[in-house]
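The next block is coords_24.txt, given as compact mmCIF, C-alpha atoms.
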```txt
# COMPACT_ATOMS: atom_id res chain seq x y z
CA MET L 842 12.13 97.61 109.20
CA GLU L 843 15.09 99.93 109.62
CA THR L 844 17.49 97.22 108.41
CA PHE L 845 15.52 96.95 105.15
CA PRO L 846 13.88 100.38 104.69
CA MET L 847 12.72 99.58 101.14
CA ILE L 848 10.50 96.72 102.36
CA SER L 849 7.12 98.01 103.52
CA HIS L 850 4.61 96.36 105.82
CA LYS L 851 2.28 96.16 102.82
CA SER L 852 4.81 94.19 100.77
CA ILE L 853 5.45 91.82 103.70
CA ARG L 854 1.69 91.22 104.10
CA GLU L 855 1.26 90.66 100.34
CA GLY L 856 4.19 88.24 100.35
CA LEU L 857 2.75 86.24 103.21
CA LEU L 858 -0.68 86.11 101.59
CA SER L 859 0.72 84.89 98.27
CA ALA L 860 3.08 82.33 99.79
CA SER L 861 2.34 78.66 99.28
CA TRP L 862 3.67 75.44 100.71
CA ALA L 863 3.38 72.35 98.51
CA GLY L 864 1.23 69.74 100.20
CA ARG L 865 -0.28 72.11 102.75
CA PHE L 866 -3.75 73.19 101.64
CA GLU L 867 -2.48 73.18 98.07
CA VAL L 868 -5.32 74.01 95.69
CA LEU L 869 -5.57 72.71 92.13
CA ARG L 870 -8.46 74.11 90.10
CA LEU L 871 -9.64 71.77 87.38
CA ASN L 872 -11.46 72.39 84.14
CA GLY L 873 -15.15 71.84 84.73
CA GLY L 874 -15.11 73.52 88.14
CA LYS L 875 -13.73 70.74 90.36
CA ILE L 876 -11.27 71.84 93.03
CA LEU L 877 -8.66 69.50 94.50
CA ILE L 878 -7.24 70.39 97.90
CA LEU L 879 -4.07 68.47 98.71
CA ASP L 880 -2.93 68.45 102.31
CA GLY L 881 -0.29 66.26 103.90
CA ALA L 882 -2.06 66.19 107.27
CA HIS L 883 -1.27 62.80 108.83
CA ASN L 884 -1.70 63.25 112.59
CA PRO L 885 -4.32 64.82 114.90
CA GLU L 886 -2.65 68.24 114.92
CA GLY L 887 -2.38 68.35 111.14
CA MET L 888 -5.97 67.19 110.69
CA GLU L 889 -7.16 69.85 113.12
CA ALA L 890 -5.38 72.51 111.05
CA LEU L 891 -6.88 71.03 107.86
CA ALA L 892 -10.38 71.07 109.40
CA THR L 893 -9.96 74.72 110.39
CA SER L 894 -8.76 75.64 106.90
CA LEU L 895 -11.66 73.79 105.25
CA LYS L 896 -14.19 75.58 107.47
CA LEU L 897 -12.67 78.93 106.52
CA ALA L 898 -12.17 78.24 102.81
CA LEU L 899 -15.26 76.31 101.71
CA PRO L 900 -18.76 77.73 101.47
CA ALA L 901 -20.86 77.00 104.58
CA ASN L 902 -22.38 73.50 104.57
CA GLU L 903 -20.69 72.63 101.26
CA THR L 904 -20.28 68.87 101.15
CA PHE L 905 -17.07 67.42 99.77
CA ALA L 906 -15.22 64.18 99.18
CA ILE L 907 -12.12 63.04 101.02
CA ILE L 908 -9.59 60.68 99.53
CA MET L 909 -7.35 59.37 102.28
CA ALA L 910 -4.51 56.94 102.93
CA MET L 911 -2.70 56.72 106.25
CA MET L 912 0.31 54.93 107.63
CA LYS L 913 -0.17 52.04 110.08
CA ASP L 914 2.04 53.69 112.70
CA LYS L 915 -0.01 56.90 112.96
CA ASN L 916 -2.80 57.82 115.39
CA VAL L 917 -5.45 57.26 112.72
CA GLU L 918 -8.51 57.37 114.96
CA GLY L 919 -7.30 60.54 116.68
CA ALA L 920 -6.59 62.16 113.32
CA LEU L 921 -9.98 61.25 111.84
CA ARG L 922 -11.86 62.51 114.89
CA LYS L 923 -10.55 66.02 114.11
CA LEU L 924 -12.61 65.90 110.87
CA ALA L 925 -15.77 64.46 112.43
CA ASP L 926 -17.87 67.65 112.39
CA LEU L 927 -17.22 68.44 108.71
CA PRO L 928 -19.89 67.89 105.99
CA ILE L 929 -18.08 64.99 104.31
CA ARG L 930 -20.30 63.41 101.64
CA LYS L 931 -17.86 60.70 100.55
CA PHE L 932 -14.91 59.27 102.43
CA ILE L 933 -12.80 57.22 100.04
CA CYS L 934 -10.17 55.01 101.66
CA THR L 935 -7.14 54.02 99.65
CA GLU L 936 -3.53 52.90 100.03
CA VAL L 937 -0.18 54.31 99.03
CA PRO L 938 1.11 52.14 96.18
CA ASN L 939 4.12 49.94 96.91
CA LEU L 940 4.47 51.07 100.52
CA GLU L 941 4.23 48.41 103.22
CA ARG L 942 3.76 51.07 105.94
CA SER L 943 0.46 52.09 104.35
CA MET L 944 -2.63 51.00 106.25
CA THR L 945 -4.96 48.85 104.15
CA SER L 946 -7.97 50.63 102.71
CA LYS L 947 -10.25 48.09 104.45
CA THR L 948 -8.75 48.83 107.87
CA LEU L 949 -8.99 52.59 107.30
CA ALA L 950 -12.61 52.22 106.15
CA ALA L 951 -13.54 50.27 109.29
CA ILE L 952 -12.25 53.14 111.44
CA ALA L 953 -13.86 55.78 109.21
CA LYS L 954 -17.31 54.12 109.29
CA ASP L 955 -17.43 54.50 113.07
CA ILE L 956 -16.42 58.16 112.99
CA PHE L 957 -18.40 59.23 109.87
CA PRO L 958 -21.74 57.39 110.08
CA ASN L 959 -23.46 59.95 107.81
CA SER L 960 -20.84 59.77 105.07
CA SER L 961 -20.56 57.26 102.26
CA VAL L 962 -17.37 55.42 103.24
CA GLN L 963 -15.87 53.62 100.26
CA ILE L 964 -12.91 51.34 99.74
CA GLU L 965 -10.68 51.74 96.68
CA PRO L 966 -7.11 50.48 97.11
CA GLU L 967 -6.05 51.68 93.62
CA ILE L 968 -5.53 55.45 93.52
CA GLU L 969 -5.74 55.51 89.72
CA ASN L 970 -9.38 54.37 89.95
CA ILE L 971 -10.23 56.92 92.62
CA LEU L 972 -9.08 59.92 90.63
CA THR L 973 -10.95 58.85 87.52
CA LYS L 974 -14.18 58.16 89.42
CA THR L 975 -14.01 61.26 91.60
CA LEU L 976 -13.11 63.73 88.86
CA TYR L 977 -16.17 62.73 86.84
CA ASP L 978 -18.58 62.43 89.77
CA ASN L 979 -20.88 65.46 89.89
CA GLN L 980 -21.85 65.11 93.57
CA CYS L 981 -18.84 66.95 94.99
CA LYS L 982 -17.18 70.08 93.64
CA TYR L 983 -14.41 69.88 96.26
CA ILE L 984 -12.13 66.88 96.65
CA VAL L 985 -9.74 66.82 99.62
CA ILE L 986 -6.77 64.46 99.37
CA CYS L 987 -4.99 63.95 102.70
CA GLY L 988 -3.54 61.56 105.26
CA SER L 989 -0.07 61.04 103.85
CA LEU L 990 2.60 63.00 102.07
CA TYR L 991 3.36 59.75 100.23
CA LEU L 992 -0.23 59.75 98.91
CA LEU L 993 0.09 63.35 97.75
CA GLY L 994 3.30 62.50 95.92
CA ALA L 995 1.67 59.56 94.15
CA ILE L 996 -1.42 61.62 93.23
CA LYS L 997 0.63 64.56 91.93
CA LYS L 998 2.79 62.21 89.88
CA MET L 999 -0.34 60.73 88.30
CA ILE L 1000 -1.86 64.12 87.59
CA TYR L 1001 1.23 65.62 86.00
CA LEU L 1002 2.45 62.56 84.10
CA ASN L 1003 -0.86 61.23 82.79
CA GLU L 1004 -2.31 63.13 79.84
CA ASP L 1005 -5.89 62.26 80.87
CA PHE L 1006 -5.43 64.00 84.21
CA LEU L 1007 -3.09 66.71 82.95
CA SER L 1008 -5.73 67.91 80.49
CA CYS L 1009 -7.98 68.63 83.48
CA VAL L 1010 -5.52 70.69 85.51
CA ARG L 1011 -5.82 74.45 85.33
CA PRO L 1012 -3.25 76.70 87.02
CA LYS L 1013 -4.25 78.34 90.30
CA THR L 1014 -5.70 81.80 89.70
```
Representation of the structure as structure tokens:
Amino acid sequence: METFPMISHKSIREGLLSASWAGRFEVLRLNGGKILILDGAHNPEGMEALATSLKLALPANETFAIIMAMMKDKNVEGALRKLADLPIRKFICTEVPNLERSMTSKTLAAIAKDIFPNSSVQIEPEIENILTKTLYDNQCKYIVICGSLYLLGAIKKMIYLNEDFLSCVRPKT
């Protein structure tokens, strides 16, 4: 601290607490009370960090929906197992548009059904349909979108370029 005497420990702590990293537990609060959590976790270590963050951030036993796409060359089963003890109500499997590396939603769903037997595992290859259905579904207040940074990019592009979705987005408070 001697090098920068005007910077206090309090200001460092406040800076760290207010810092954000796009695509890493990024929270979008929507009109109507829905909360989107976007996280680029795409391997077992990332999913473990996401699971820890969800346990800390969400109310105890709060069920939520997951929208996920993963790449074929990732350790998908290992990554999903890190989420196995979470109260996932819906597990929606999708694909990254126009990306051959993306695992098919059917293949992802087959893996997810084995790991999440108490969740409703659904297949929806078109991300446009998922957002519309999930945003207006009253069963889950929290929607976690993860598995691929490519997926996050496609989702964010849809949200910010489509007036139907943009009208729902409320800045983080």
Exercise. For Leu993 in chain L, which residue out of L:Val962, L:Ile956, L:Met912, L:Val937 is the nearest one, using only C-alpha atoms?
Worked result: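 Of L:Val962, L:Ile956, L:Met912, L:Val937, the one nearest Leu993 in chain L is L:Val937, counting only C-alpha atoms.
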For this session: Work out how far apart CA of Ile876 in chain L and CA of Tyr983 in chain L are and give it in Å to one decimal.
Result: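 Here the two named atoms are 4.9 Å from each other.
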Problem set entry | Pick from L:Leu891, L:Ser960, L:Phe845, L:Pro900, whichever lies nearest to Gly864 in chain L using all atoms listed in the file |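 Of L:Leu891, L:Ser960, L:Phe845, L:Pro900, the one nearest Gly864 in chain L, counting all atoms listed in the file, is L:Leu891.
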Exercise. Near range 940-946 of chain L, within 10 Å and counting all atoms listed in the file, which residues show up once chain neighbours fewer than 6 positions away are dropped, as a list in words?
Worked result: Met909, Ala910, Met911, Met912, Lys913, Asp914, Lys915, Val917, Ile933, Cys934, Gln963, Ile964, Glu965, Pro966, Glu967, Ser989, Tyr991 and Leu992 of chain L
Exercise. CA of Ala892 in chain L and CA of Leu924 in chain L, how far apart in Å?
Worked result: 5.8 Å
Exercise. Residues at most 8 Å from Arg865 in chain L, counting all atoms listed in the file, excluding those fewer than 4 positions away in the same chain, as a list in words?
Worked result: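 Those residues are Ser861, Leu879, Asp880, Gly881 and Ala882 of chain L.
Of note, CA of Leu927 in chain L and CA of Leu949 in chain L are spaced 17.9 Å apart.
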Problem set entry | Of the listed residues L:Asp978, L:Asp955, L:Glu969, L:Glu886, that which approaches Lys931 in chain L most closely, counting only C-alpha atoms | L:Asp978
Exercise. Counting all atoms listed in the file, what is within 10 Å of Glu889 in chain L, bar same-chain residues fewer than 5 positions away, as an MDAnalysis selection string?
Worked result: chainID L and resid 882 884 894:895 919:924
Exercise. When distances are computed from only C-alpha atoms, which of L:Asn939, L:Phe957, L:Ile908, L:Phe932 shows the smallest separation from Ile996 in chain L?
Worked result: L:Ile908
Problem set entry | For Glu903 in chain L, the nearest of the candidates L:Leu972, L:Ile984, L:Ala950, L:Glu918, counting all atoms listed in the file |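 The shortest atom-to-atom distance to Glu903 in chain L comes from L:Ile984.
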As AutoDock Vina command-line options: centre and edge lengths in Å, one decimal, of the axis-aligned box holding range 948-960 of chain L with 6 Å per side:
```
--center_x -16.1 --center_y 54.4 --center_z 109.1 --size_x 26.7 --size_y 23.1 --size_z 20.0
```
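Nearest residue to Leu990 in chain L, choosing from L:Ala953, L:Ala863, L:Lys896, L:Arg870 and counting only C-alpha atoms: L:Ala863.
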